[in-house]
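Student: Shown below is the structure under consideration.
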Amino acid sequence: MIPTPFSIAALTEQLGRHRGRPIQLIPLPSTPQVLCGLSISAGPTDYVLYTRSTSPLHQCHIVLHELGHLAFDHQEGGLEASDLARLLAPNLDPSVVDRVFGRIAHATRAENEAETFADLVLAPRVFTSEVDALPQAPEPPGEIAAVLRNIERVWGTPGDA
């Protein structure tokens with residue numbers, strides 16, 4: 001399953017084909033204090049959101065962690081999907097958002113599995129040129145852009161106190 005030569009883009013594309021759903025990587029526009037990464041399955045697409053205000057290596061780890069949740073088809077998250085969807089996207093039809101993973105701590109088996117997946121994929125590549133920059137993200141669709149705006153509204157932007 002791990003592509004050779006390795007790249008986040010190739011792994012993302014391969015996992016999307018395996019799942020039968022494209023996966024789009026989207027950097028978070030700001031750095032919420034409590035949020036590093038998030039997976040959202042909406043409509044026919046899976047979205048992996050990751051903080052852009054950290055090192056490239058940490059960004060890769062965050063994305064791999066979220067891809068781990070998709071690879072293992074984890075259904076639970078840190079918050080109930082309906083509650084988080086209502087909080088972040090109050091104007092979005094709840095039937096549009098299938099799953100939302102909000103992860104803050106690694107307290108569940110799913111979190112441990114996703115973290116182990118990220119560690120095992122990244123560890124052999126840390127000191128090589130195989131840890132590449134994340135691919136350029138296209139503009140998110142309207143409903144995901146609304147989620148991003150609400151994340152900023154709820155958790156603030158860097159420097160907010």
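Residue numbering restarts at 1 in every chain; chains get A, B, ... in the order shown in the structure tokens, and ligands count up from 1 in that same order.
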At a cut-off of 8 Å, using only C-alpha atoms, what residues contact His69 of chain A? Leave out same-chain residues fewer than 2 positions from it and give the result as JSON, numbers by chain.

Tutor: {"A": [65, 66, 67, 71, 72, 73, 74, 110, 111, 113, 114]}

Student: Store the residues of this selection in a file with N, CA and C atoms, as a PDB file, in the first residue's frame.

Tutor:
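Final output, saved to part.pdb:
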ATOM      1  N   HIS A  65      -1.485  10.796   9.970  1.00  0.00           N
ATOM      2  CA  HIS A  65      -2.390  10.391  11.049  1.00  0.00           C
ATOM      3  C   HIS A  65      -3.841  10.380  10.541  1.00  0.00           C
ATOM      4  N   GLU A  66      -4.222  11.453   9.872  1.00  0.00           N
ATOM      5  CA  GLU A  66      -5.591  11.538   9.347  1.00  0.00           C
ATOM      6  C   GLU A  66      -5.817  10.486   8.265  1.00  0.00           C
ATOM      7  N   LEU A  67      -4.826  10.258   7.407  1.00  0.00           N
ATOM      8  CA  LEU A  67      -4.956   9.203   6.398  1.00  0.00           C
ATOM      9  C   LEU A  67      -5.076   7.838   7.060  1.00  0.00           C
ATOM     10  N   ALA A  71      -7.686   5.045   6.278  1.00  0.00           N
ATOM     11  CA  ALA A  71      -7.250   3.703   5.876  1.00  0.00           C
ATOM     12  C   ALA A  71      -7.918   2.628   6.728  1.00  0.00           C
ATOM     13  N   PHE A  72      -8.084   2.906   8.019  1.00  0.00           N
ATOM     14  CA  PHE A  72      -8.703   1.932   8.922  1.00  0.00           C
ATOM     15  C   PHE A  72     -10.209   2.120   9.024  1.00  0.00           C
ATOM     16  N   ASP A  73     -10.751   3.076   8.270  1.00  0.00           N
ATOM     17  CA  ASP A  73     -12.189   3.358   8.236  1.00  0.00           C
ATOM     18  C   ASP A  73     -12.748   3.597   9.635  1.00  0.00           C
ATOM     19  N   HIS A  74     -12.010   4.379  10.424  1.00  0.00           N
ATOM     20  CA  HIS A  74     -12.481   4.715  11.765  1.00  0.00           C
ATOM     21  C   HIS A  74     -13.730   5.575  11.671  1.00  0.00           C
ATOM     22  N   ALA A 110      -8.746   3.860  18.141  1.00  0.00           N
ATOM     23  CA  ALA A 110      -8.649   4.449  16.800  1.00  0.00           C
ATOM     24  C   ALA A 110      -7.542   5.493  16.743  1.00  0.00           C
ATOM     25  N   GLU A 111      -7.427   6.324  17.772  1.00  0.00           N
ATOM     26  CA  GLU A 111      -6.370   7.333  17.803  1.00  0.00           C
ATOM     27  C   GLU A 111      -4.995   6.679  17.858  1.00  0.00           C
ATOM     28  N   GLU A 113      -4.217   3.684  16.748  1.00  0.00           N
ATOM     29  CA  GLU A 113      -3.963   3.059  15.447  1.00  0.00           C
ATOM     30  C   GLU A 113      -3.519   4.090  14.420  1.00  0.00           C
ATOM     31  N   ALA A 114      -4.221   5.238  14.383  1.00  0.00           N
ATOM     32  CA  ALA A 114      -3.866   6.283  13.410  1.00  0.00           C
ATOM     33  C   ALA A 114      -2.478   6.844  13.701  1.00  0.00           C
TER      34      ALA A 114
END

Student: Restricting the calculation to only C-alpha atoms, which member of A:Thr108, A:Ile144, A:Ser53, A:Cys60 is positioned closest to Ser41 of chain A?

Tutor: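 Closest candidate: A:Ile144.
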
Student: Counting only C-alpha atoms, what is within 12 Å of segment 6-20 of chain A, bar same-chain residues fewer than 2 positions away, as a VMD selection string?

Tutor: chain A and resid 1 to 4 22 to 25 41 44 to 48 56 to 57 59 to 73 118 121 to 122 124 to 126 128 to 137

Student: Output C-alpha atoms for every residue in that selection, as a PDB file, in the first residue's frame.

Tutor:
ATOM      1  CA  MET A   1       0.000   0.000   0.000  1.00  0.00           C
ATOM      2  CA  ILE A   2       2.895   2.408   0.641  1.00  0.00           C
ATOM      3  CA  PRO A   3       3.983   3.777  -2.763  1.00  0.00           C
ATOM      4  CA  THR A   4       7.597   3.581  -3.894  1.00  0.00           C
ATOM      5  CA  PRO A  22     -10.984  11.097  -3.734  1.00  0.00           C
ATOM      6  CA  ILE A  23      -9.087  12.623  -0.814  1.00  0.00           C
ATOM      7  CA  GLN A  24      -8.314  16.329  -0.830  1.00  0.00           C
ATOM      8  CA  LEU A  25      -5.639  17.811   1.479  1.00  0.00           C
ATOM      9  CA  SER A  41     -16.125  12.896   4.761  1.00  0.00           C
ATOM     10  CA  PRO A  44     -18.301  11.913  -2.505  1.00  0.00           C
ATOM     11  CA  THR A  45     -14.992  13.285  -1.142  1.00  0.00           C
ATOM     12  CA  ASP A  46     -12.831  12.852   1.962  1.00  0.00           C
ATOM     13  CA  TYR A  47     -11.076  16.007   3.174  1.00  0.00           C
ATOM     14  CA  VAL A  48      -7.958  16.025   5.350  1.00  0.00           C
ATOM     15  CA  PRO A  56       6.835  20.420   7.222  1.00  0.00           C
ATOM     16  CA  LEU A  57       7.700  17.197   9.065  1.00  0.00           C
ATOM     17  CA  GLN A  59       2.490  18.597   8.742  1.00  0.00           C
ATOM     18  CA  CYS A  60       3.360  15.266   7.101  1.00  0.00           C
ATOM     19  CA  HIS A  61       2.769  13.464  10.395  1.00  0.00           C
ATOM     20  CA  ILE A  62      -0.613  15.149  10.868  1.00  0.00           C
ATOM     21  CA  VAL A  63      -1.704  14.240   7.327  1.00  0.00           C
ATOM     22  CA  LEU A  64      -0.493  10.649   7.755  1.00  0.00           C
ATOM     23  CA  HIS A  65      -2.390  10.391  11.049  1.00  0.00           C
ATOM     24  CA  GLU A  66      -5.591  11.538   9.347  1.00  0.00           C
ATOM     25  CA  LEU A  67      -4.956   9.203   6.398  1.00  0.00           C
ATOM     26  CA  GLY A  68      -4.549   6.412   8.963  1.00  0.00           C
ATOM     27  CA  HIS A  69      -8.087   7.077  10.179  1.00  0.00           C
ATOM     28  CA  LEU A  70      -9.327   6.828   6.599  1.00  0.00           C
ATOM     29  CA  ALA A  71      -7.250   3.703   5.876  1.00  0.00           C
ATOM     30  CA  PHE A  72      -8.703   1.932   8.922  1.00  0.00           C
ATOM     31  CA  ASP A  73     -12.189   3.358   8.236  1.00  0.00           C
ATOM     32  CA  ALA A 118       1.657   7.779  10.855  1.00  0.00           C
ATOM     33  CA  VAL A 121       5.016   5.338   7.513  1.00  0.00           C
ATOM     34  CA  LEU A 122       7.056   8.410   8.444  1.00  0.00           C
ATOM     35  CA  PRO A 124      11.860   5.224   7.862  1.00  0.00           C
ATOM     36  CA  ARG A 125      11.681   8.397   5.764  1.00  0.00           C
ATOM     37  CA  VAL A 126      12.473  11.110   8.324  1.00  0.00           C
ATOM     38  CA  THR A 128      15.718  10.956   3.699  1.00  0.00           C
ATOM     39  CA  SER A 129      14.490  13.026   0.812  1.00  0.00           C
ATOM     40  CA  GLU A 130      11.294  10.954   0.792  1.00  0.00           C
ATOM     41  CA  VAL A 131       9.597  13.333   3.234  1.00  0.00           C
ATOM     42  CA  ASP A 132       8.379  15.804   0.704  1.00  0.00           C
ATOM     43  CA  ALA A 133       6.402  18.976   0.961  1.00  0.00           C
ATOM     44  CA  LEU A 134       2.679  18.492   0.890  1.00  0.00           C
ATOM     45  CA  PRO A 135       1.072  19.033  -2.510  1.00  0.00           C
ATOM     46  CA  GLN A 136      -0.409  22.422  -3.308  1.00  0.00           C
ATOM     47  CA  ALA A 137      -4.003  22.406  -2.100  1.00  0.00           C
TER      48      ALA A 137
END

Student: Taking only C-alpha atoms into account, name the residue in A:Ile40, A:Leu28, A:Leu120, A:Leu35 that is nearest to Leu148 of chain A.

Tutor: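 Of the candidates, the smallest distance to Leu148 of chain A is held by A:Leu28.
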
Student: Rounded to one decimal in Å, what is the spacing between atom CA of Gly142 of chain A and atom CA of Arg52 of chain A?

Tutor: 20.0 Å

Student: Just give me the gap between atom CA of Tyr50 of chain A and atom CA of Arg149 of chain A in Å, one decimal is fine.

Tutor: 14.3 Å

Student: Just to confirm, what's the straight-line distance from atom CA of Glu115 of chain A to atom CA of Leu38 of chain A in Å (one decimal)?

Tutor: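 So the answer is 13.3 Å.
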